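Enquirer: The following file, final37.csv, comprises CSV, C-alpha atoms:
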```
chain,number,residue,atom,x,y,z
Y,1,MET,CA,9.8,18.2,7.6
Y,2,VAL,CA,10.9,14.6,6.8
Y,3,HIS,CA,14.4,13.8,7.9
Y,4,PHE,CA,16.3,11.0,6.2
Y,5,THR,CA,19.2,9.2,7.8
Y,6,ALA,CA,22.3,8.6,5.7
Y,7,GLU,CA,21.4,4.9,5.6
Y,8,GLU,CA,17.9,5.6,4.4
Y,9,LYS,CA,19.2,8.0,1.6
Y,10,ALA,CA,21.8,5.3,0.5
Y,11,ALA,CA,19.1,2.6,0.4
Y,12,ILE,CA,16.7,4.7,-1.5
Y,13,THR,CA,19.3,6.0,-4.0
Y,14,SER,CA,20.8,2.6,-4.6
Y,15,LEU,CA,17.4,0.9,-5.3
Y,16,TRP,CA,16.2,3.8,-7.4
Y,17,GLY,CA,19.3,3.6,-9.6
Y,18,LYS,CA,18.0,0.2,-10.7
Y,19,VAL,CA,14.5,1.3,-11.5
Y,20,ASN,CA,13.3,1.4,-15.1
Y,21,VAL,CA,11.4,4.7,-14.8
Y,22,GLU,CA,9.4,4.2,-17.9
Y,23,GLU,CA,8.3,0.7,-17.1
Y,24,ALA,CA,7.7,1.3,-13.4
Y,25,GLY,CA,5.9,4.6,-14.1
Y,26,GLY,CA,3.4,2.9,-16.5
Y,27,GLU,CA,3.0,0.0,-14.1
Y,28,ALA,CA,2.3,2.2,-11.0
Y,29,LEU,CA,-0.1,4.6,-12.7
Y,30,GLY,CA,-1.9,1.7,-14.4
Y,31,ARG,CA,-2.3,-0.2,-11.2
Y,32,LEU,CA,-3.6,3.0,-9.5
Y,33,LEU,CA,-6.3,3.2,-12.1
Y,34,VAL,CA,-7.2,-0.5,-11.8
Y,35,VAL,CA,-7.1,-0.9,-8.0
Y,36,TYR,CA,-8.7,2.5,-7.2
Y,37,PRO,CA,-11.0,3.1,-10.2
Y,38,TRP,CA,-12.3,6.4,-9.0
Y,39,THR,CA,-8.8,7.8,-9.9
Y,40,GLN,CA,-9.8,7.4,-13.5
Y,41,ARG,CA,-11.8,10.6,-13.1
Y,42,PHE,CA,-8.6,12.6,-13.8
Y,43,PHE,CA,-7.9,10.9,-17.1
Y,44,ASP,CA,-11.1,11.2,-19.1
Y,45,ASN,CA,-9.1,12.1,-22.2
Y,46,PHE,CA,-6.8,9.1,-22.0
Y,47,GLY,CA,-9.0,7.0,-24.3
Y,48,ASN,CA,-9.8,3.3,-23.5
Y,49,LEU,CA,-9.8,2.6,-19.7
Y,50,SER,CA,-12.6,0.1,-19.9
Y,51,SER,CA,-10.7,-3.0,-18.6
Y,52,THR,CA,-7.6,-3.9,-16.7
Y,53,SER,CA,-5.8,-4.9,-19.9
Y,54,ALA,CA,-6.9,-1.7,-21.7
Y,55,ILE,CA,-5.6,0.4,-18.8
Y,56,MET,CA,-2.3,-1.4,-18.5
Y,57,GLY,CA,-1.7,-1.3,-22.3
Y,58,ASN,CA,-2.9,2.3,-22.8
Y,59,PRO,CA,-0.1,4.3,-24.3
Y,60,LYS,CA,-1.2,7.6,-22.6
Y,61,VAL,CA,-1.2,5.9,-19.2
Y,62,LYS,CA,2.3,4.6,-19.9
Y,63,ALA,CA,3.5,8.0,-21.1
Y,64,HIS,CA,2.0,9.8,-18.1
Y,65,GLY,CA,3.3,7.2,-15.7
Y,66,LYS,CA,6.8,7.9,-17.0
Y,67,LYS,CA,6.3,11.6,-16.5
Y,68,VAL,CA,5.1,11.1,-12.9
Y,69,LEU,CA,7.9,8.8,-12.0
Y,70,THR,CA,10.6,11.0,-13.6
Y,71,SER,CA,9.3,13.7,-11.3
Y,72,PHE,CA,9.6,11.3,-8.4
Y,73,GLY,CA,13.2,10.6,-9.4
Y,74,ASP,CA,13.8,14.4,-9.0
Y,75,ALA,CA,12.4,14.1,-5.5
Y,76,ILE,CA,15.0,11.5,-4.7
Y,77,LYS,CA,17.7,13.9,-5.7
Y,78,ASN,CA,16.2,16.5,-3.4
Y,79,MET,CA,15.2,14.5,-0.3
Y,80,ASP,CA,16.2,17.4,2.0
Y,81,ASN,CA,13.9,19.9,0.3
Y,82,LEU,CA,10.9,18.1,-1.0
Y,83,LYS,CA,8.6,21.1,-0.3
Y,84,GLY,CA,10.8,23.4,-2.4
Y,85,ALA,CA,11.2,20.8,-5.1
Y,86,PHE,CA,7.5,20.2,-5.5
Y,87,ALA,CA,6.1,23.8,-4.9
Y,88,LYS,CA,5.2,24.4,-8.6
Y,89,LEU,CA,3.7,20.9,-9.0
Y,90,SER,CA,1.7,21.4,-5.9
Y,91,GLU,CA,0.2,24.6,-7.2
Y,92,LEU,CA,-0.6,22.9,-10.5
Y,93,HIS,CA,-2.3,19.9,-8.9
Y,94,CYS,CA,-4.5,22.2,-6.7
Y,95,ASP,CA,-5.3,25.1,-9.0
Y,96,LYS,CA,-5.4,23.5,-12.4
Y,97,LEU,CA,-5.8,19.7,-12.0
Y,98,HIS,CA,-8.0,19.8,-8.8
Y,99,VAL,CA,-6.6,16.5,-7.5
Y,100,ASP,CA,-7.5,15.4,-4.0
Y,101,PRO,CA,-4.2,14.9,-2.2
Y,102,GLU,CA,-5.4,11.6,-0.9
Y,103,ASN,CA,-4.6,10.3,-4.4
Y,104,PHE,CA,-0.9,11.1,-3.9
Y,105,ARG,CA,-0.9,8.8,-0.9
Y,106,LEU,CA,-2.6,6.1,-2.9
Y,107,LEU,CA,-0.1,6.4,-5.8
Y,108,GLY,CA,2.8,6.4,-3.3
Y,109,ASN,CA,1.6,3.1,-1.8
Y,110,VAL,CA,1.0,1.6,-5.3
Y,111,LEU,CA,4.5,2.5,-6.2
Y,112,VAL,CA,5.8,0.7,-3.0
Y,113,CYS,CA,3.9,-2.4,-4.2
Y,114,VAL,CA,5.4,-2.1,-7.7
Y,115,LEU,CA,8.9,-1.9,-6.2
Y,116,ALA,CA,8.2,-4.9,-3.9
Y,117,HIS,CA,6.9,-6.8,-7.0
Y,118,HIS,CA,9.9,-6.0,-9.1
Y,119,PHE,CA,12.7,-6.2,-6.5
Y,120,GLY,CA,11.6,-9.1,-4.4
Y,121,HIS,CA,13.9,-10.0,-1.5
Y,122,GLU,CA,15.9,-6.8,-2.1
Y,123,PHE,CA,12.8,-4.8,-1.1
Y,124,ASN,CA,13.3,-5.8,2.6
Y,125,PRO,CA,11.4,-4.2,5.5
Y,126,GLN,CA,14.2,-1.6,6.0
Y,127,VAL,CA,14.2,-0.5,2.3
Y,128,GLN,CA,10.4,-0.4,2.4
Y,129,ALA,CA,10.4,1.8,5.5
Y,130,ALA,CA,12.8,4.2,3.8
Y,131,PHE,CA,10.6,4.4,0.7
Y,132,GLN,CA,7.4,4.9,2.8
Y,133,LYS,CA,9.1,8.0,4.1
Y,134,VAL,CA,9.9,9.3,0.6
Y,135,VAL,CA,6.4,8.7,-0.7
Y,136,ALA,CA,4.8,10.3,2.4
Y,137,GLY,CA,7.2,13.2,2.0
Y,138,VAL,CA,6.4,13.6,-1.7
Y,139,ALA,CA,2.6,13.4,-1.0
Y,140,ASN,CA,2.9,16.1,1.7
Y,141,ALA,CA,5.0,18.3,-0.5
Y,142,LEU,CA,2.5,18.0,-3.3
Y,143,ALA,CA,-0.3,18.9,-0.9
Y,144,HIS,CA,1.6,21.8,0.7
Y,145,LYS,CA,0.4,24.6,-1.6
Y,146,TYR,CA,-3.2,23.6,-1.4
Y,147,HIS,CA,-5.6,26.3,-0.3
W,1,MET,CA,-17.3,-2.4,-4.0
W,2,VAL,CA,-18.5,-6.0,-3.8
W,3,LEU,CA,-16.1,-8.7,-4.7
W,4,SER,CA,-17.1,-10.4,-8.0
W,5,ALA,CA,-17.2,-14.1,-8.3
W,6,ALA,CA,-13.9,-14.0,-10.3
W,7,GLU,CA,-12.3,-11.9,-7.5
W,8,ARG,CA,-13.4,-14.2,-4.8
W,9,ALA,CA,-12.1,-17.2,-6.8
W,10,ALA,CA,-8.8,-15.4,-7.3
W,11,VAL,CA,-8.4,-14.7,-3.6
W,12,ARG,CA,-9.3,-18.2,-2.6
W,13,ALA,CA,-6.9,-19.7,-5.1
W,14,LEU,CA,-4.0,-17.5,-3.9
W,15,TRP,CA,-4.8,-18.4,-0.3
W,16,THR,CA,-4.7,-22.1,-1.2
W,17,LYS,CA,-1.3,-21.5,-2.8
W,18,LEU,CA,0.0,-19.8,0.4
W,19,GLY,CA,-0.9,-23.0,2.3
W,20,SER,CA,0.7,-23.2,5.7
W,21,ASN,CA,2.9,-20.2,5.0
W,22,VAL,CA,0.1,-17.6,5.7
W,23,GLY,CA,1.6,-17.2,9.2
W,24,VAL,CA,5.1,-16.5,7.8
W,25,TYR,CA,3.7,-13.8,5.5
W,26,ALA,CA,1.5,-12.3,8.2
W,27,THR,CA,4.5,-12.1,10.5
W,28,GLU,CA,6.6,-10.4,7.8
W,29,ALA,CA,3.7,-8.0,7.2
W,30,LEU,CA,3.7,-7.1,10.9
W,31,GLU,CA,7.5,-6.6,10.9
W,32,ARG,CA,7.1,-4.3,7.9
W,33,THR,CA,4.3,-2.4,9.5
W,34,PHE,CA,6.3,-1.8,12.7
W,35,LEU,CA,9.3,-0.6,10.8
W,36,ALA,CA,7.5,1.6,8.2
W,37,PHE,CA,4.9,3.0,10.5
W,38,PRO,CA,6.4,3.1,14.0
W,39,THR,CA,3.2,4.6,15.6
W,40,THR,CA,1.7,1.1,15.2
W,41,LYS,CA,4.1,-0.1,17.8
W,42,THR,CA,2.2,1.8,20.5
W,43,TYR,CA,-0.4,-0.9,20.6
W,44,PHE,CA,2.2,-3.5,21.5
W,45,PRO,CA,4.1,-2.3,24.5
W,46,HIS,CA,3.7,-5.8,26.0
W,47,LEU,CA,5.5,-7.5,23.2
W,48,ASP,CA,9.2,-7.9,22.1
W,49,LEU,CA,9.0,-6.3,18.7
W,50,THR,CA,12.6,-7.0,17.6
W,51,PRO,CA,12.7,-8.6,14.1
W,52,GLY,CA,12.5,-12.4,14.5
W,53,SER,CA,10.8,-12.2,17.9
W,54,ALA,CA,8.8,-15.3,18.8
W,55,GLN,CA,6.1,-13.0,20.2
W,56,VAL,CA,5.7,-11.2,16.8
W,57,LYS,CA,5.6,-14.7,15.1
W,58,ALA,CA,2.9,-15.8,17.5
W,59,HIS,CA,0.9,-12.7,16.8
W,60,GLY,CA,1.5,-13.1,13.0
W,61,GLN,CA,-0.1,-16.6,13.3
W,62,LYS,CA,-3.1,-15.1,15.0
W,63,VAL,CA,-3.5,-12.5,12.2
W,64,ALA,CA,-3.0,-15.3,9.6
W,65,ASP,CA,-5.7,-17.5,11.2
W,66,ALA,CA,-8.1,-14.5,11.2
W,67,LEU,CA,-7.4,-13.8,7.5
W,68,THR,CA,-7.8,-17.5,6.6
W,69,ARG,CA,-11.2,-17.4,8.4
W,70,ALA,CA,-12.1,-14.3,6.4
W,71,VAL,CA,-11.2,-16.0,3.1
W,72,ALA,CA,-13.5,-18.9,4.1
W,73,HIS,CA,-16.4,-16.5,4.8
W,74,LEU,CA,-16.2,-14.0,2.0
W,75,ASP,CA,-20.0,-13.9,1.8
W,76,ASP,CA,-20.5,-12.7,5.3
W,77,LEU,CA,-17.4,-11.1,6.8
W,78,PRO,CA,-19.1,-8.9,9.4
W,79,THR,CA,-20.6,-12.0,11.1
W,80,ALA,CA,-17.5,-14.1,10.7
W,81,LEU,CA,-15.3,-11.3,12.2
W,82,TRP,CA,-17.7,-9.9,14.7
W,83,ALA,CA,-15.8,-11.2,17.8
W,84,LEU,CA,-12.5,-9.8,16.4
W,85,SER,CA,-14.2,-6.5,15.7
W,86,ASP,CA,-15.5,-6.4,19.2
W,87,LEU,CA,-12.0,-7.2,20.6
W,88,HIS,CA,-10.3,-4.5,18.5
W,89,VAL,CA,-12.9,-1.9,19.2
W,90,ARG,CA,-13.9,-2.4,22.8
W,91,GLN,CA,-10.9,-3.9,24.4
W,92,LEU,CA,-7.9,-2.9,22.3
W,93,ARG,CA,-9.4,0.4,21.1
W,94,VAL,CA,-7.3,0.4,17.9
W,95,ASP,CA,-7.7,3.5,15.7
W,96,PRO,CA,-9.0,1.9,12.5
W,97,VAL,CA,-6.4,3.7,10.3
W,98,ASN,CA,-3.9,1.2,11.5
W,99,PHE,CA,-5.8,-1.7,9.9
W,100,LYS,CA,-5.1,-0.1,6.5
W,101,LEU,CA,-1.4,0.2,7.3
W,102,LEU,CA,-1.1,-3.5,8.1
W,103,GLY,CA,-3.3,-4.3,5.0
W,104,HIS,CA,-0.9,-2.3,2.8
W,105,CYS,CA,2.2,-4.2,4.3
W,106,LEU,CA,0.4,-7.5,3.6
W,107,LEU,CA,0.0,-6.5,0.0
W,108,VAL,CA,3.7,-5.6,-0.2
W,109,THR,CA,4.7,-8.9,1.4
W,110,LEU,CA,2.6,-10.9,-1.1
W,111,ALA,CA,3.9,-8.8,-4.1
W,112,ARG,CA,7.5,-9.6,-2.9
W,113,HIS,CA,6.9,-13.3,-2.5
W,114,TYR,CA,4.5,-14.1,-5.3
W,115,PRO,CA,5.5,-11.8,-8.2
W,116,GLY,CA,4.0,-14.2,-10.8
W,117,ASP,CA,0.6,-14.0,-9.1
W,118,PHE,CA,0.6,-10.3,-8.2
W,119,SER,CA,-0.9,-9.1,-11.5
W,120,PRO,CA,-2.9,-5.8,-11.5
W,121,ALA,CA,-6.2,-7.8,-11.4
W,122,MET,CA,-5.0,-9.8,-8.3
W,123,HIS,CA,-3.7,-6.6,-6.7
W,124,ALA,CA,-7.1,-5.1,-7.1
W,125,SER,CA,-8.9,-8.3,-5.8
W,126,LEU,CA,-6.6,-8.4,-2.7
W,127,GLU,CA,-7.1,-4.7,-2.0
W,128,LYS,CA,-10.9,-5.1,-2.2
W,129,PHE,CA,-10.8,-8.2,0.0
W,130,LEU,CA,-8.6,-6.4,2.6
W,131,SER,CA,-10.8,-3.3,2.6
W,132,HIS,CA,-13.8,-5.6,3.3
W,133,VAL,CA,-12.0,-7.2,6.2
W,134,ILE,CA,-11.1,-3.8,7.5
W,135,SER,CA,-14.7,-2.6,7.2
W,136,ALA,CA,-15.9,-5.8,9.0
W,137,LEU,CA,-13.3,-5.2,11.8
W,138,ALA,CA,-14.5,-1.6,12.2
W,139,THR,CA,-18.2,-2.7,12.4
W,140,SER,CA,-18.2,-2.5,16.2
W,141,TYR,CA,-17.2,1.2,16.1
W,142,GLY,CA,-20.9,1.8,15.4
```
Represent the supplied structure as structure tokens.

Expert:
Amino acid sequence: MVHFTAEEKAAITSLWGKVNVEEAGGEALGRLLVVYPWTQRFFDNFGNLSSTSAIMGNPKVKAHGKKVLTSFGDAIKNMDNLKGAFAKLSELHCDKLHVDPENFRLLGNVLVCVLAHHFGHEFNPQVQAAFQKVVAGVANALAHKYH
Amino acid sequence: MVLSAAERAAVRALWTKLGSNVGVYATEALERTFLAFPTTKTYFPHLDLTPGSAQVKAHGQKVADALTRAVAHLDDLPTALWALSDLHVRQLRVDPVNFKLLGHCLLVTLARHYPGDFSPAMHASLEKFLSHVISALATSYG
């Protein structure tokens, strides 16, 4: 189980409070689809994903990105019980969506890049380290119910 | 995933922009790696890893020089990086998963310092470039 120090929780919560979930969600999911094109396999019904600009401007990508990051925000409110918080979503991603959990790690790292891109010097090594813990915890929690 | 001509041009252009600061950024990437992924420190028991350490800076410069060499030899990375691959595999015996961790922290460092340049397309080009470097470094594993 991931353990967060008080300082890590404070750093994470403070930065997350400044995140525009809608914008960052679309950005993170879009970049995932651009940088790791095989991830597009899960989004066949999203319409035009034929180019970088098509992906980044695609309204379904933006909407789904917002959904994903809103869920991530819930994780930040439940850092001490990520497995519990993500149990249902874990079952969904395994049984219905058939998503390889490696993709959760990829998205987590893309999100870290998006935060660095947006927050600049505020996203210092200590803040990054705290966020790497969260994204790893979320990825593991999402993979927990796989069978 | 071969780098297209446009991707190569983009990576070379960014590297030119980084200029003599490649060492600074490689050092920051190392510091980020040690903090975010503490297991990576196990390869450096002989170095002072406290942030700001002169030894980490020196190592950062070595990494920077290797990456600059890689950018200059995008057409044949395995040959250009053969000696480094041999070093990392045979002498240092680094688990290749660690190259990805440093690669990720380098992307984070560049995103933080060059937000105007770190578009999704540049992000993709850099990720491809780094994954080619990592493959070339792992060549000697056989």

Enquirer: Which chain W residues are at most 12 Å from chain Y (counting all atoms listed in the file), as a PyMOL selection string?

Expert: chain W and resi 1+27-38+51+100-101+103-129+131

Enquirer: Using CA of Thr68 in chain W and CA of Trp15 in chain W as the two end points, give the distance in Å to one decimal.

Expert: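 Interatomic distance here is 7.6 Å.
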
Enquirer: One decimal, in Å: what's the spacing between CA of Thr39 in chain Y and CA of Ala136 in chain W?

Expert: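 It comes out at 24.3 Å.
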
Enquirer: Could you tell me, as number ranges by chain, which residues have any atom at most 6 Å from (5.6, 5.1, -8.1), counting all atoms listed in the file?

Expert: Y: 28, 69, 108, 111

Enquirer: Assuming 3 Å of padding per side, give the centre and edge lengths of the axis-aligned box around every listed atom of range 52-64 of chain W, in Å to one decimal and as JSON.

Expert:
```
{"center_x": 4.5, "center_y": -13.9, "center_z": 14.9, "size_x": 22.0, "size_y": 11.4, "size_z": 16.6}
```

Enquirer: Env of Lys57 in chain W: 10 Å cut, atoms = all atoms listed in the file, seq-sep filter 2 positions within chain, self excluded. Answer as a PyMOL selection string.

Expert: chain W and resi 23-28+30-31+49+51-55+59-63

Enquirer: Output as a PDB file, keeping the file's coordinate frame: range 104-125 of chain W, completed with N, CA, C and O atoms.

Expert:
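Result file is rebuild-v8.pdb:
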```pdb
ATOM      1  N   HIS W 104      -1.815  -2.747   3.841  1.00  0.00           N
ATOM      2  CA  HIS W 104      -0.900  -2.300   2.800  1.00  0.00           C
ATOM      3  C   HIS W 104       0.418  -3.186   2.886  1.00  0.00           C
ATOM      4  O   HIS W 104       0.914  -3.678   1.865  1.00  0.00           O
ATOM      5  N   CYS W 105       0.927  -3.381   4.106  1.00  0.00           N
ATOM      6  CA  CYS W 105       2.200  -4.200   4.300  1.00  0.00           C
ATOM      7  C   CYS W 105       1.954  -5.632   3.901  1.00  0.00           C
ATOM      8  O   CYS W 105       2.885  -6.306   3.444  1.00  0.00           O
ATOM      9  N   LEU W 106       0.725  -6.111   4.062  1.00  0.00           N
ATOM     10  CA  LEU W 106       0.400  -7.500   3.600  1.00  0.00           C
ATOM     11  C   LEU W 106       0.492  -7.560   2.106  1.00  0.00           C
ATOM     12  O   LEU W 106       1.048  -8.509   1.547  1.00  0.00           O
ATOM     13  N   LEU W 107      -0.047  -6.552   1.425  1.00  0.00           N
ATOM     14  CA  LEU W 107       0.000  -6.500   0.000  1.00  0.00           C
ATOM     15  C   LEU W 107       1.483  -6.486  -0.497  1.00  0.00           C
ATOM     16  O   LEU W 107       1.856  -7.203  -1.432  1.00  0.00           O
ATOM     17  N   VAL W 108       2.297  -5.659   0.165  1.00  0.00           N
ATOM     18  CA  VAL W 108       3.700  -5.600  -0.200  1.00  0.00           C
ATOM     19  C   VAL W 108       4.400  -6.916  -0.009  1.00  0.00           C
ATOM     20  O   VAL W 108       5.168  -7.350  -0.866  1.00  0.00           O
ATOM     21  N   THR W 109       4.084  -7.601   1.100  1.00  0.00           N
ATOM     22  CA  THR W 109       4.700  -8.900   1.400  1.00  0.00           C
ATOM     23  C   THR W 109       4.285  -9.913   0.288  1.00  0.00           C
ATOM     24  O   THR W 109       5.127 -10.669  -0.204  1.00  0.00           O
ATOM     25  N   LEU W 110       3.027  -9.917  -0.105  1.00  0.00           N
ATOM     26  CA  LEU W 110       2.600 -10.900  -1.100  1.00  0.00           C
ATOM     27  C   LEU W 110       3.180 -10.510  -2.495  1.00  0.00           C
ATOM     28  O   LEU W 110       3.571 -11.410  -3.242  1.00  0.00           O
ATOM     29  N   ALA W 111       3.306  -9.218  -2.795  1.00  0.00           N
ATOM     30  CA  ALA W 111       3.900  -8.800  -4.100  1.00  0.00           C
ATOM     31  C   ALA W 111       5.359  -9.275  -4.128  1.00  0.00           C
ATOM     32  O   ALA W 111       5.850  -9.739  -5.160  1.00  0.00           O
ATOM     33  N   ARG W 112       6.040  -9.200  -2.986  1.00  0.00           N
ATOM     34  CA  ARG W 112       7.500  -9.600  -2.900  1.00  0.00           C
ATOM     35  C   ARG W 112       7.644 -11.078  -3.050  1.00  0.00           C
ATOM     36  O   ARG W 112       8.577 -11.559  -3.661  1.00  0.00           O
ATOM     37  N   HIS W 113       6.739 -11.867  -2.473  1.00  0.00           N
ATOM     38  CA  HIS W 113       6.900 -13.300  -2.500  1.00  0.00           C
ATOM     39  C   HIS W 113       6.227 -14.019  -3.647  1.00  0.00           C
ATOM     40  O   HIS W 113       6.632 -15.119  -4.013  1.00  0.00           O
ATOM     41  N   TYR W 114       5.199 -13.423  -4.227  1.00  0.00           N
ATOM     42  CA  TYR W 114       4.500 -14.100  -5.300  1.00  0.00           C
ATOM     43  C   TYR W 114       4.371 -13.141  -6.532  1.00  0.00           C
ATOM     44  O   TYR W 114       3.274 -12.819  -6.994  1.00  0.00           O
ATOM     45  N   PRO W 115       5.519 -12.721  -7.077  1.00  0.00           N
ATOM     46  CA  PRO W 115       5.500 -11.800  -8.200  1.00  0.00           C
ATOM     47  C   PRO W 115       4.682 -12.316  -9.394  1.00  0.00           C
ATOM     48  O   PRO W 115       3.995 -11.560 -10.070  1.00  0.00           O
ATOM     49  N   GLY W 116       4.757 -13.618  -9.616  1.00  0.00           N
ATOM     50  CA  GLY W 116       4.000 -14.200 -10.800  1.00  0.00           C
ATOM     51  C   GLY W 116       2.527 -14.104 -10.596  1.00  0.00           C
ATOM     52  O   GLY W 116       1.780 -14.096 -11.579  1.00  0.00           O
ATOM     53  N   ASP W 117       2.076 -14.054  -9.360  1.00  0.00           N
ATOM     54  CA  ASP W 117       0.600 -14.000  -9.100  1.00  0.00           C
ATOM     55  C   ASP W 117       0.103 -12.607  -8.911  1.00  0.00           C
ATOM     56  O   ASP W 117      -1.094 -12.367  -9.030  1.00  0.00           O
ATOM     57  N   PHE W 118       1.015 -11.670  -8.588  1.00  0.00           N
ATOM     58  CA  PHE W 118       0.600 -10.300  -8.200  1.00  0.00           C
ATOM     59  C   PHE W 118       0.343  -9.446  -9.425  1.00  0.00           C
ATOM     60  O   PHE W 118       0.946  -8.387  -9.594  1.00  0.00           O
ATOM     61  N   SER W 119      -0.569  -9.902 -10.296  1.00  0.00           N
ATOM     62  CA  SER W 119      -0.900  -9.100 -11.500  1.00  0.00           C
ATOM     63  C   SER W 119      -1.775  -7.914 -11.010  1.00  0.00           C
ATOM     64  O   SER W 119      -2.233  -7.892  -9.862  1.00  0.00           O
ATOM     65  N   PRO W 120      -1.998  -6.925 -11.899  1.00  0.00           N
ATOM     66  CA  PRO W 120      -2.900  -5.800 -11.500  1.00  0.00           C
ATOM     67  C   PRO W 120      -4.267  -6.278 -11.073  1.00  0.00           C
ATOM     68  O   PRO W 120      -4.816  -5.755 -10.104  1.00  0.00           O
ATOM     69  N   ALA W 121      -4.819  -7.289 -11.734  1.00  0.00           N
ATOM     70  CA  ALA W 121      -6.200  -7.800 -11.400  1.00  0.00           C
ATOM     71  C   ALA W 121      -6.121  -8.418  -9.968  1.00  0.00           C
ATOM     72  O   ALA W 121      -7.031  -8.209  -9.150  1.00  0.00           O
ATOM     73  N   MET W 122      -5.069  -9.201  -9.661  1.00  0.00           N
ATOM     74  CA  MET W 122      -5.000  -9.800  -8.300  1.00  0.00           C
ATOM     75  C   MET W 122      -4.745  -8.748  -7.293  1.00  0.00           C
ATOM     76  O   MET W 122      -5.315  -8.814  -6.208  1.00  0.00           O
ATOM     77  N   HIS W 123      -3.934  -7.764  -7.609  1.00  0.00           N
ATOM     78  CA  HIS W 123      -3.700  -6.600  -6.700  1.00  0.00           C
ATOM     79  C   HIS W 123      -5.007  -5.974  -6.352  1.00  0.00           C
ATOM     80  O   HIS W 123      -5.302  -5.745  -5.170  1.00  0.00           O
ATOM     81  N   ALA W 124      -5.840  -5.741  -7.373  1.00  0.00           N
ATOM     82  CA  ALA W 124      -7.100  -5.100  -7.100  1.00  0.00           C
ATOM     83  C   ALA W 124      -8.045  -6.015  -6.284  1.00  0.00           C
ATOM     84  O   ALA W 124      -8.721  -5.550  -5.359  1.00  0.00           O
ATOM     85  N   SER W 125      -8.053  -7.319  -6.568  1.00  0.00           N
ATOM     86  CA  SER W 125      -8.900  -8.300  -5.800  1.00  0.00           C
ATOM     87  C   SER W 125      -8.475  -8.307  -4.343  1.00  0.00           C
ATOM     88  O   SER W 125      -9.315  -8.307  -3.439  1.00  0.00           O
TER      89      SER W 125
END
```
